[in-house]
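Trainee: Questions regarding the structure given below will be posed in turn.
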Amino acid sequence: ASVSLERQVKSDDMPVPLQSATISCGTIVPALAYTFAFDMDQVRDQGLWGGWSLLTLALLALLLAKHWLGNVIVKRWSAVVKYVIHAAAVAGTYALQRIWYGLSWSLVSCMLLGILMLAVYSFAEGKRWQPTASASEASLGEKKSSASEPTVGREKPTASASEPSASQPSCDPNLKAFPETSENKLEV
């Protein structure tokens with residue numbers, strides 16, 4: 001469902017707030033069906049909006065903002081980035097809860113928070129990294145770089161694809177990386 005939603009959000013030129021409103025409208029009928037099926041007694045006693053308060057309205061506003069920002073992230077980047085941000089938010093919420101209420105910290109929870117934040121950091125750094133073109137790729141012409149591509153972490157090839165240099169290895173598929181000798185031959 002997430003992949004399908006990501007494809008639809010990225011392919012449509014509709015503004016994000018309108019997309020989010022359209023997606024949210026699909027939840028109205030199931031929510032009303034649930035309310036009338038399981039909470040009919042409360043609806044009869046207090047009305048459809050019974051139990052709502054300013055706190056409920058604030059929660060509704062926060063959820064709408066969360067979904068709209070999530071759709072902006074999916075439209076701009078991907079659903080994976082959205083879920084990585086959610087993971088960082090869980091760690092931040094847990095830490096703030098511990099600090100706000102003066103709760104004790106255990107070694108295990110600190111280690112798990114550290115692992116989670118390290119994973120988020122690794123993902124963020126990994127998105128910036130570009131692999132270095134290997135000599136065999138450069139000699140085969142598989143990796144072509146243009147002036148408009150970023151070169152973060154990537155070396156520009158010095159020789160053209162048609163002119164392999166003496167330092168580049170041969171691309172002969174029959175060439176063995178470790179020729180068999182009497183020292184490394186496996187005897188059965």
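Every chain in the structure tokens takes a letter, A first, then B, and so on in the order presented; its residues are numbered from 1, and the ligands are numbered from 1 following the presented order.
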Kindly provide the residues of region 35-74 of chain A that approach region 16-28 of chain A to within 12 Å, each paired with its closest atom pair and their distance in Å to one decimal, based on only C-alpha atoms, listed by chain and increasing number, as CSV.

Mentor:
residue,atom,partner,partner_atom,distance
A:Thr35,CA,A:Ile28,CA,10.5
A:Leu63,CA,A:Ser24,CA,10.8
A:Leu64,CA,A:Ser20,CA,8.5
A:Ala65,CA,A:Pro17,CA,9.7
A:Lys66,CA,A:Ser20,CA,10.4
A:His67,CA,A:Ser20,CA,7.0
A:Trp68,CA,A:Ser20,CA,5.8
A:Leu69,CA,A:Val16,CA,8.7
A:Gly70,CA,A:Ser20,CA,9.3
A:Asn71,CA,A:Val16,CA,6.6
A:Val72,CA,A:Val16,CA,6.3
A:Ile73,CA,A:Val16,CA,10.0
A:Val74,CA,A:Val16,CA,10.0

Trainee: Would you put the residues from that selection into a file with N, CA, C and O atoms, as a PDB file, in the first residue's frame?

Mentor:
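Dumped everything to again-v6.pdb:
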ATOM      1  N   THR A  35     -18.117   4.003  14.380  1.00  0.00           N
ATOM      2  CA  THR A  35     -18.800   4.749  15.439  1.00  0.00           C
ATOM      3  C   THR A  35     -20.213   4.233  15.644  1.00  0.00           C
ATOM      4  O   THR A  35     -20.644   3.991  16.775  1.00  0.00           O
ATOM      5  N   LEU A  63      -2.363  15.538  14.002  1.00  0.00           N
ATOM      6  CA  LEU A  63      -2.400  14.396  13.084  1.00  0.00           C
ATOM      7  C   LEU A  63      -2.523  14.844  11.633  1.00  0.00           C
ATOM      8  O   LEU A  63      -1.873  14.279  10.747  1.00  0.00           O
ATOM      9  N   LEU A  64      -3.348  15.851  11.375  1.00  0.00           N
ATOM     10  CA  LEU A  64      -3.453  16.373  10.004  1.00  0.00           C
ATOM     11  C   LEU A  64      -2.123  16.948   9.530  1.00  0.00           C
ATOM     12  O   LEU A  64      -1.702  16.703   8.397  1.00  0.00           O
ATOM     13  N   ALA A  65      -1.453  17.701  10.396  1.00  0.00           N
ATOM     14  CA  ALA A  65      -0.148  18.258  10.036  1.00  0.00           C
ATOM     15  C   ALA A  65       0.872  17.156   9.783  1.00  0.00           C
ATOM     16  O   ALA A  65       1.660  17.225   8.832  1.00  0.00           O
ATOM     17  N   LYS A  66       0.847  16.118  10.617  1.00  0.00           N
ATOM     18  CA  LYS A  66       1.764  14.985  10.443  1.00  0.00           C
ATOM     19  C   LYS A  66       1.542  14.304   9.094  1.00  0.00           C
ATOM     20  O   LYS A  66       2.492  13.998   8.374  1.00  0.00           O
ATOM     21  N   HIS A  67       0.294  14.070   8.747  1.00  0.00           N
ATOM     22  CA  HIS A  67       0.005  13.404   7.472  1.00  0.00           C
ATOM     23  C   HIS A  67       0.361  14.296   6.283  1.00  0.00           C
ATOM     24  O   HIS A  67       0.887  13.812   5.281  1.00  0.00           O
ATOM     25  N   TRP A  68       0.102  15.582   6.379  1.00  0.00           N
ATOM     26  CA  TRP A  68       0.447  16.485   5.286  1.00  0.00           C
ATOM     27  C   TRP A  68       1.958  16.566   5.110  1.00  0.00           C
ATOM     28  O   TRP A  68       2.470  16.520   4.002  1.00  0.00           O
ATOM     29  N   LEU A  69       2.688  16.676   6.224  1.00  0.00           N
ATOM     30  CA  LEU A  69       4.153  16.704   6.118  1.00  0.00           C
ATOM     31  C   LEU A  69       4.699  15.373   5.613  1.00  0.00           C
ATOM     32  O   LEU A  69       5.665  15.339   4.852  1.00  0.00           O
ATOM     33  N   GLY A  70       4.071  14.275   6.035  1.00  0.00           N
ATOM     34  CA  GLY A  70       4.473  12.965   5.522  1.00  0.00           C
ATOM     35  C   GLY A  70       4.289  12.875   4.016  1.00  0.00           C
ATOM     36  O   GLY A  70       5.145  12.336   3.302  1.00  0.00           O
ATOM     37  N   ASN A  71       3.195  13.419   3.517  1.00  0.00           N
ATOM     38  CA  ASN A  71       2.973  13.411   2.067  1.00  0.00           C
ATOM     39  C   ASN A  71       3.960  14.318   1.333  1.00  0.00           C
ATOM     40  O   ASN A  71       4.379  14.009   0.218  1.00  0.00           O
ATOM     41  N   VAL A  72       4.330  15.433   1.957  1.00  0.00           N
ATOM     42  CA  VAL A  72       5.354  16.294   1.358  1.00  0.00           C
ATOM     43  C   VAL A  72       6.675  15.534   1.250  1.00  0.00           C
ATOM     44  O   VAL A  72       7.359  15.581   0.223  1.00  0.00           O
ATOM     45  N   ILE A  73       7.037  14.814   2.304  1.00  0.00           N
ATOM     46  CA  ILE A  73       8.290  14.046   2.305  1.00  0.00           C
ATOM     47  C   ILE A  73       8.243  12.947   1.244  1.00  0.00           C
ATOM     48  O   ILE A  73       9.210  12.740   0.509  1.00  0.00           O
ATOM     49  N   VAL A  74       7.111  12.237   1.147  1.00  0.00           N
ATOM     50  CA  VAL A  74       6.995  11.172   0.144  1.00  0.00           C
ATOM     51  C   VAL A  74       7.069  11.753  -1.262  1.00  0.00           C
ATOM     52  O   VAL A  74       7.718  11.190  -2.138  1.00  0.00           O
TER      53      VAL A  74
END

Trainee: Based on DSSP run over this structure's backbone, return all residues of region 37-87 of chain A in alpha helix (DSSP H), as a ChimeraX atom specification.

Mentor: /A:37-38,40-46,54-76,79-87

Trainee: Mind dumping the selected residues with N, CA and C atoms as a CSV table (one decimal), in the first residue's frame?

Mentor:
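Contents of part01.csv, freshly written:
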chain,number,residue,atom,x,y,z
A,37,ALA,N,-21.4,1.3,14.7
A,37,ALA,CA,-21.5,-0.1,15.0
A,37,ALA,C,-21.1,-0.4,16.5
A,38,PHE,N,-20.1,0.4,17.0
A,38,PHE,CA,-19.6,0.0,18.4
A,38,PHE,C,-19.9,1.1,19.4
A,40,MET,N,-22.7,3.3,19.5
A,40,MET,CA,-24.0,3.8,19.2
A,40,MET,C,-24.6,4.4,20.5
A,41,ASP,N,-24.4,3.7,21.7
A,41,ASP,CA,-25.0,4.1,22.9
A,41,ASP,C,-24.4,5.5,23.3
A,42,GLN,N,-23.1,5.7,23.1
A,42,GLN,CA,-22.5,7.0,23.5
A,42,GLN,C,-23.0,8.1,22.5
A,43,VAL,N,-23.2,7.8,21.2
A,43,VAL,CA,-23.7,8.7,20.2
A,43,VAL,C,-25.1,9.1,20.6
A,44,ARG,N,-26.0,8.1,21.1
A,44,ARG,CA,-27.4,8.5,21.5
A,44,ARG,C,-27.4,9.4,22.7
A,45,ASP,N,-26.5,9.1,23.7
A,45,ASP,CA,-26.4,9.8,24.9
A,45,ASP,C,-25.8,11.2,24.8
A,46,GLN,N,-24.7,11.3,24.1
A,46,GLN,CA,-23.9,12.6,24.0
A,46,GLN,C,-23.9,13.2,22.7
A,54,LEU,N,-10.9,20.5,23.7
A,54,LEU,CA,-9.8,21.3,23.0
A,54,LEU,C,-8.6,20.4,22.8
A,55,LEU,N,-8.4,19.5,23.7
A,55,LEU,CA,-7.3,18.5,23.6
A,55,LEU,C,-7.5,17.6,22.4
A,56,THR,N,-8.7,17.2,22.2
A,56,THR,CA,-9.0,16.3,21.0
A,56,THR,C,-8.8,17.1,19.7
A,57,LEU,N,-9.2,18.4,19.7
A,57,LEU,CA,-9.1,19.2,18.5
A,57,LEU,C,-7.6,19.5,18.2
A,58,ALA,N,-6.8,19.6,19.3
A,58,ALA,CA,-5.3,19.8,19.1
A,58,ALA,C,-4.7,18.6,18.6
A,59,LEU,N,-5.1,17.4,19.1
A,59,LEU,CA,-4.6,16.1,18.5
A,59,LEU,C,-5.0,16.0,17.1
A,60,LEU,N,-6.2,16.3,16.7
A,60,LEU,CA,-6.7,16.2,15.3
A,60,LEU,C,-5.8,17.1,14.4
A,61,ALA,N,-5.5,18.4,14.9
A,61,ALA,CA,-4.7,19.3,14.1
A,61,ALA,C,-3.3,18.7,13.9
A,62,LEU,N,-2.7,18.2,15.0
A,62,LEU,CA,-1.4,17.6,14.9
A,62,LEU,C,-1.3,16.4,14.0
A,63,LEU,N,-2.4,15.5,14.0
A,63,LEU,CA,-2.4,14.4,13.1
A,63,LEU,C,-2.5,14.8,11.6
A,64,LEU,N,-3.3,15.9,11.4
A,64,LEU,CA,-3.5,16.4,10.0
A,64,LEU,C,-2.1,16.9,9.5
A,65,ALA,N,-1.5,17.7,10.4
A,65,ALA,CA,-0.1,18.3,10.0
A,65,ALA,C,0.9,17.2,9.8
A,66,LYS,N,0.8,16.1,10.6
A,66,LYS,CA,1.8,15.0,10.4
A,66,LYS,C,1.5,14.3,9.1
A,67,HIS,N,0.3,14.1,8.7
A,67,HIS,CA,0.0,13.4,7.5
A,67,HIS,C,0.4,14.3,6.3
A,68,TRP,N,0.1,15.6,6.4
A,68,TRP,CA,0.4,16.5,5.3
A,68,TRP,C,2.0,16.6,5.1
A,69,LEU,N,2.7,16.7,6.2
A,69,LEU,CA,4.2,16.7,6.1
A,69,LEU,C,4.7,15.4,5.6
A,70,GLY,N,4.1,14.3,6.0
A,70,GLY,CA,4.5,13.0,5.5
A,70,GLY,C,4.3,12.9,4.0
A,71,ASN,N,3.2,13.4,3.5
A,71,ASN,CA,3.0,13.4,2.1
A,71,ASN,C,4.0,14.3,1.3
A,72,VAL,N,4.3,15.4,2.0
A,72,VAL,CA,5.4,16.3,1.4
A,72,VAL,C,6.7,15.5,1.2
A,73,ILE,N,7.0,14.8,2.3
A,73,ILE,CA,8.3,14.0,2.3
A,73,ILE,C,8.2,12.9,1.2
A,74,VAL,N,7.1,12.2,1.1
A,74,VAL,CA,7.0,11.2,0.1
A,74,VAL,C,7.1,11.8,-1.3
A,75,LYS,N,6.4,12.9,-1.5
A,75,LYS,CA,6.4,13.5,-2.8
A,75,LYS,C,7.8,14.0,-3.2
A,76,ARG,N,8.5,14.6,-2.2
A,76,ARG,CA,9.9,15.1,-2.5
A,76,ARG,C,11.0,14.1,-2.5
A,79,ALA,N,9.1,7.1,0.5
A,79,ALA,CA,8.5,6.6,1.8
A,79,ALA,C,9.5,6.1,2.7
A,80,VAL,N,10.7,5.6,2.2
A,80,VAL,CA,11.7,5.1,3.1
A,80,VAL,C,12.2,6.3,4.0
A,81,VAL,N,12.4,7.5,3.4
A,81,VAL,CA,12.9,8.6,4.1
A,81,VAL,C,11.8,9.0,5.2
A,82,LYS,N,10.6,8.9,4.8
A,82,LYS,CA,9.5,9.2,5.8
A,82,LYS,C,9.6,8.3,7.0
A,83,TYR,N,9.8,7.0,6.8
A,83,TYR,CA,9.9,6.1,7.9
A,83,TYR,C,11.1,6.2,8.7
A,84,VAL,N,12.2,6.6,8.1
A,84,VAL,CA,13.4,6.9,8.9
A,84,VAL,C,13.2,8.1,9.8
A,85,ILE,N,12.5,9.1,9.3
A,85,ILE,CA,12.2,10.3,10.1
A,85,ILE,C,11.3,9.9,11.2
A,86,HIS,N,10.3,9.0,11.0
A,86,HIS,CA,9.5,8.5,12.0
A,86,HIS,C,10.3,7.8,13.1
A,87,ALA,N,11.3,7.0,12.7
A,87,ALA,CA,12.1,6.3,13.7
A,87,ALA,C,12.9,7.3,14.5

Trainee: What does the distance from CA of Gly102 (chain A) to CA of Ser53 (chain A) come to in Å, to one decimal?

Mentor: 27.9 Å

Trainee: Between CA of Val29 (chain A) and CA of Gly47 (chain A), what is the spacing in Å?

Mentor: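 Interatomic distance here is 17.6 Å.
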